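See below for target32.txt, which holds compact mmCIF, N, CA and C atoms.
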# COMPACT_ATOMS: atom_id res chain seq x y z
N MET A 1 37.19 129.49 139.18
CA MET A 1 36.73 130.83 138.91
C MET A 1 37.79 131.79 139.44
N ASP A 2 38.13 132.76 138.63
CA ASP A 2 39.14 133.71 139.08
C ASP A 2 38.49 134.89 139.80
N ASN A 3 39.31 135.85 140.19
CA ASN A 3 38.79 136.98 140.96
C ASN A 3 37.89 137.90 140.13
N ARG A 4 37.87 137.72 138.81
CA ARG A 4 36.96 138.49 137.95
C ARG A 4 35.72 137.68 137.59
N ARG A 5 35.53 136.57 138.31
CA ARG A 5 34.37 135.69 138.14
C ARG A 5 34.34 135.03 136.76
N ARG A 6 35.51 134.77 136.18
CA ARG A 6 35.60 134.07 134.91
C ARG A 6 35.87 132.60 135.18
N ILE A 7 35.34 131.77 134.32
CA ILE A 7 35.52 130.32 134.47
C ILE A 7 36.44 129.85 133.34
N THR A 8 37.41 129.04 133.67
CA THR A 8 38.31 128.45 132.68
C THR A 8 37.83 127.04 132.38
N LEU A 9 37.63 126.77 131.10
CA LEU A 9 37.16 125.46 130.66
C LEU A 9 38.27 124.75 129.88
N PRO A 10 38.29 123.43 129.90
CA PRO A 10 39.29 122.69 129.11
C PRO A 10 39.09 122.95 127.61
N ARG A 11 40.15 122.91 126.85
CA ARG A 11 40.07 123.15 125.40
C ARG A 11 39.15 122.16 124.70
N GLU A 12 39.06 120.95 125.23
CA GLU A 12 38.24 119.91 124.62
C GLU A 12 36.77 120.30 124.50
N THR A 13 36.31 121.26 125.30
CA THR A 13 34.90 121.65 125.25
C THR A 13 34.55 122.37 123.96
N LYS A 14 35.54 123.02 123.33
CA LYS A 14 35.37 123.69 122.04
C LYS A 14 34.23 124.71 122.04
N ILE A 15 34.07 125.45 123.14
CA ILE A 15 33.06 126.50 123.15
C ILE A 15 33.68 127.88 123.36
N MET A 16 34.97 128.01 123.07
CA MET A 16 35.66 129.28 123.22
C MET A 16 35.01 130.34 122.34
N GLY A 17 34.71 131.48 122.91
CA GLY A 17 34.10 132.56 122.17
C GLY A 17 32.62 132.36 121.92
N THR A 18 32.03 131.37 122.53
CA THR A 18 30.62 131.06 122.37
C THR A 18 29.86 131.50 123.60
N LYS A 19 28.66 132.04 123.41
CA LYS A 19 27.82 132.36 124.55
C LYS A 19 27.27 131.05 125.11
N ALA A 20 27.09 131.03 126.42
CA ALA A 20 26.60 129.82 127.06
C ALA A 20 25.76 130.19 128.27
N ILE A 21 24.90 129.29 128.66
CA ILE A 21 24.14 129.43 129.90
C ILE A 21 24.90 128.66 130.96
N VAL A 22 25.12 129.30 132.08
CA VAL A 22 25.80 128.65 133.21
C VAL A 22 24.74 128.45 134.29
N ILE A 23 24.54 127.19 134.65
CA ILE A 23 23.50 126.84 135.63
C ILE A 23 24.16 126.32 136.89
N PRO A 24 24.05 127.07 138.00
CA PRO A 24 24.61 126.57 139.26
C PRO A 24 23.82 125.37 139.74
N ALA A 25 24.52 124.32 140.14
CA ALA A 25 23.86 123.10 140.61
C ALA A 25 24.64 122.55 141.80
N GLY A 26 24.42 123.12 142.94
CA GLY A 26 25.12 122.66 144.13
C GLY A 26 26.58 123.06 144.09
N SER A 27 27.48 122.09 144.19
CA SER A 27 28.91 122.36 144.24
C SER A 27 29.56 122.45 142.86
N PHE A 28 28.79 122.42 141.80
CA PHE A 28 29.33 122.51 140.45
C PHE A 28 28.38 123.31 139.57
N VAL A 29 28.77 123.55 138.33
CA VAL A 29 27.92 124.27 137.38
C VAL A 29 27.77 123.45 136.11
N VAL A 30 26.67 123.70 135.42
CA VAL A 30 26.43 123.08 134.12
C VAL A 30 26.53 124.19 133.09
N VAL A 31 27.33 123.96 132.03
CA VAL A 31 27.51 124.96 130.98
C VAL A 31 26.84 124.44 129.72
N VAL A 32 25.86 125.21 129.21
CA VAL A 32 25.12 124.82 128.02
C VAL A 32 25.44 125.84 126.92
N PRO A 33 26.19 125.45 125.88
CA PRO A 33 26.51 126.39 124.80
C PRO A 33 25.26 126.77 124.02
N LEU A 34 25.20 128.03 123.58
CA LEU A 34 24.07 128.52 122.80
C LEU A 34 24.47 128.70 121.35
N PRO A 35 23.57 128.39 120.41
CA PRO A 35 23.88 128.66 119.01
C PRO A 35 23.97 130.18 118.78
N LYS A 36 24.68 130.60 117.76
CA LYS A 36 24.84 132.03 117.49
C LYS A 36 23.50 132.70 117.21
N GLU A 37 22.62 132.02 116.51
CA GLU A 37 21.30 132.57 116.21
C GLU A 37 20.25 131.53 116.58
N PRO A 38 19.86 131.50 117.86
CA PRO A 38 18.95 130.45 118.34
C PRO A 38 17.60 130.41 117.60
N LEU A 39 17.06 131.56 117.23
CA LEU A 39 15.76 131.55 116.55
C LEU A 39 15.87 130.93 115.16
N LYS A 40 16.98 131.17 114.46
CA LYS A 40 17.17 130.54 113.15
C LYS A 40 17.38 129.03 113.32
N GLU A 41 18.12 128.64 114.36
CA GLU A 41 18.35 127.22 114.63
C GLU A 41 17.04 126.50 114.90
N ALA A 42 16.15 127.17 115.62
CA ALA A 42 14.87 126.56 115.98
C ALA A 42 13.96 126.46 114.77
N GLY A 43 14.11 127.39 113.84
CA GLY A 43 13.30 127.37 112.63
C GLY A 43 11.82 127.45 112.94
N SER A 44 11.03 126.83 112.13
CA SER A 44 9.58 126.89 112.30
C SER A 44 9.05 125.79 113.22
N TRP A 45 9.90 124.88 113.67
CA TRP A 45 9.43 123.77 114.50
C TRP A 45 9.17 124.17 115.93
N LEU A 46 9.67 125.33 116.35
CA LEU A 46 9.52 125.73 117.74
C LEU A 46 8.39 126.74 117.88
N ARG A 47 7.26 126.26 118.30
CA ARG A 47 6.09 127.12 118.52
C ARG A 47 5.70 126.99 119.98
N SER A 48 5.38 128.11 120.62
CA SER A 48 4.98 128.07 122.02
C SER A 48 4.10 129.26 122.35
N LYS A 49 3.19 129.07 123.28
CA LYS A 49 2.36 130.17 123.76
C LYS A 49 3.01 130.89 124.92
N ARG A 50 4.12 130.33 125.43
CA ARG A 50 4.85 130.95 126.54
C ARG A 50 5.83 131.99 126.01
N SER A 51 6.10 132.98 126.85
CA SER A 51 7.06 134.01 126.45
C SER A 51 8.47 133.46 126.52
N ARG A 52 9.40 134.17 125.92
CA ARG A 52 10.80 133.77 125.94
C ARG A 52 11.32 133.67 127.37
N ALA A 53 10.93 134.65 128.21
CA ALA A 53 11.38 134.66 129.61
C ALA A 53 10.84 133.44 130.36
N GLU A 54 9.57 133.09 130.12
CA GLU A 54 8.98 131.91 130.77
C GLU A 54 9.69 130.63 130.34
N LEU A 55 9.98 130.52 129.05
CA LEU A 55 10.67 129.34 128.54
C LEU A 55 12.07 129.23 129.12
N LYS A 56 12.76 130.36 129.22
CA LYS A 56 14.12 130.36 129.77
C LYS A 56 14.09 129.93 131.23
N LYS A 57 13.16 130.48 131.99
CA LYS A 57 13.05 130.14 133.41
C LYS A 57 12.74 128.65 133.58
N LEU A 58 11.83 128.13 132.78
CA LEU A 58 11.46 126.72 132.85
C LEU A 58 12.65 125.83 132.48
N ALA A 59 13.37 126.19 131.42
CA ALA A 59 14.52 125.39 130.98
C ALA A 59 15.61 125.37 132.05
N GLU A 60 15.90 126.53 132.64
CA GLU A 60 16.93 126.58 133.67
C GLU A 60 16.52 125.78 134.90
N SER A 61 15.26 125.85 135.26
CA SER A 61 14.77 125.11 136.41
C SER A 61 14.89 123.60 136.18
N LEU A 62 14.46 123.15 135.01
CA LEU A 62 14.54 121.72 134.70
C LEU A 62 15.98 121.24 134.61
N ALA A 63 16.85 122.06 134.01
CA ALA A 63 18.27 121.69 133.91
C ALA A 63 18.90 121.61 135.29
N ARG A 64 18.56 122.53 136.18
CA ARG A 64 19.10 122.52 137.54
C ARG A 64 18.67 121.25 138.27
N LYS A 65 17.38 120.90 138.16
CA LYS A 65 16.87 119.70 138.82
C LYS A 65 17.57 118.44 138.27
N GLU A 66 17.72 118.38 136.96
CA GLU A 66 18.37 117.22 136.35
C GLU A 66 19.84 117.13 136.76
N SER A 67 20.51 118.26 136.83
CA SER A 67 21.92 118.29 137.23
C SER A 67 22.10 117.80 138.66
N ILE A 68 21.24 118.26 139.54
CA ILE A 68 21.32 117.85 140.94
C ILE A 68 21.03 116.35 141.07
N LYS A 69 20.03 115.89 140.33
CA LYS A 69 19.68 114.47 140.35
C LYS A 69 20.87 113.62 139.88
N ARG A 70 21.52 114.07 138.80
CA ARG A 70 22.67 113.36 138.26
C ARG A 70 23.85 113.39 139.24
N ALA A 71 24.08 114.53 139.87
CA ALA A 71 25.18 114.66 140.83
C ALA A 71 24.97 113.75 142.03
N LYS A 72 23.74 113.65 142.49
CA LYS A 72 23.44 112.76 143.62
C LYS A 72 23.67 111.30 143.21
N ARG A 73 23.29 110.98 141.98
CA ARG A 73 23.47 109.61 141.50
C ARG A 73 24.96 109.23 141.48
N TYR A 74 25.81 110.17 141.13
CA TYR A 74 27.25 109.93 141.08
C TYR A 74 27.95 110.31 142.39
N LYS A 75 27.14 110.58 143.42
CA LYS A 75 27.65 110.91 144.75
C LYS A 75 28.63 112.09 144.74
N GLN A 76 28.31 113.11 143.93
CA GLN A 76 29.14 114.31 143.88
C GLN A 76 28.66 115.34 144.89
N ILE A 77 27.42 115.22 145.32
CA ILE A 77 26.90 116.11 146.36
C ILE A 77 26.15 115.29 147.38

Starting from the file, lay out its structure as structure tokens.
Amino acid sequence: MDNRRRITLPRETKIMGTKAIVIPAGSFVVVVPLPKEPLKEAGSWLRSKRSRAELKKLAESLARKESIKRAKRYKQI
């Protein structure tokens, strides 16, 4: 991370110019690329009684837990 809080990713990730969710997980971060139009990508198959904010909070929480679990398994933290 540079002094402007930007993260440099390897070219192989192919997410340049793409919005992404960055999830802090201990000593590392998880980067999840987002589709340009998530609602169109989800189509009609995504139905929920929860609000968008609730779903986002739940997804980030679960991703953080999974990332930490995975990092512990690989002895990264």

Q: Please give the complete set of residues from chain A that DSSP, run on the backbone, assigns to strand (DSSP E or B), formatted as a ChimeraX atom specification.
A: /A:20-25,28-33

Q: Record the distance separating atom N of Lys57 of chain A and atom N of Val22 of chain A, expressed in Å with one decimal.
A: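 Taking atom N of Lys57 of chain A and atom N of Val22 of chain A, their separation equals 12.0 Å.
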
Q: Could you give me, as a ChimeraX atom specification, each residue of segment 17-66 of chain A that DSSP assigns to helix (DSSP H, G or I) when run on this structure's backbone?
A: /A:38-45,52-66

Q: Select, from A:Ala25, A:Leu9, A:Ala42, A:Met16, the residue with the minimum atom-to-atom distance to Ile68 of chain A, counting only N, CA and C atoms.
A: A:Ala25

Q: Go ahead and compute the interatomic distance for atom CA of Val31 of chain A and atom C of Lys75 of chain A, in Å to one decimal.
A: 18.9 Å

(Q) Please report the interatomic distance between atom CA of Ile21 of chain A and atom CA of Glu60 of chain A in Å with one decimal. (A) 8.6 Å

Q: Rank nothing, just name the residue among A:Ser48, A:Pro24, A:Pro38, A:Arg6 nearest to Lys65 of chain A, using all atoms listed in the file.
A: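 When distances to Lys65 of chain A are compared using all atoms listed in the file, the smallest one comes from A:Pro24.
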
Could you give me the centre and size, in Å to one decimal, of an axis-aligned box around all listed atoms of segment 37-50 of chain A with 3 Å added on every side, as JSON?
{"center_x": 12.5, "center_y": 128.2, "center_z": 119.3, "size_x": 26.3, "size_y": 14.8, "size_z": 20.4}

**Q.** For Val29 of chain A, the nearest of the candidates A:Arg11, A:Asn3, A:Arg52, A:Ser67, counting all atoms listed in the file
**A.**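 Looking at the shortest contact to Val29 of chain A, the residue is A:Ser67.
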
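Remark: for Lys69 of chain A, the closest of the candidate residues A:Gly26, A:Lys40, A:Ile7, A:Gly17 is A:Gly26 (distances computed over only C-alpha atoms).
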
Q) Which is closest to Pro33 of chain A among A:Leu46, A:Leu55, A:Ile15, A:Ala63, if we use only C-alpha atoms? A)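 Closest to Pro33 of chain A, using only C-alpha atoms: A:Ile15.
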
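Compared by their closest atoms to Ile77 of chain A, and using only C-alpha atoms, the residues A:Trp45, A:Phe28, A:Glu12, A:Ile23 rank with A:Phe28 nearest.
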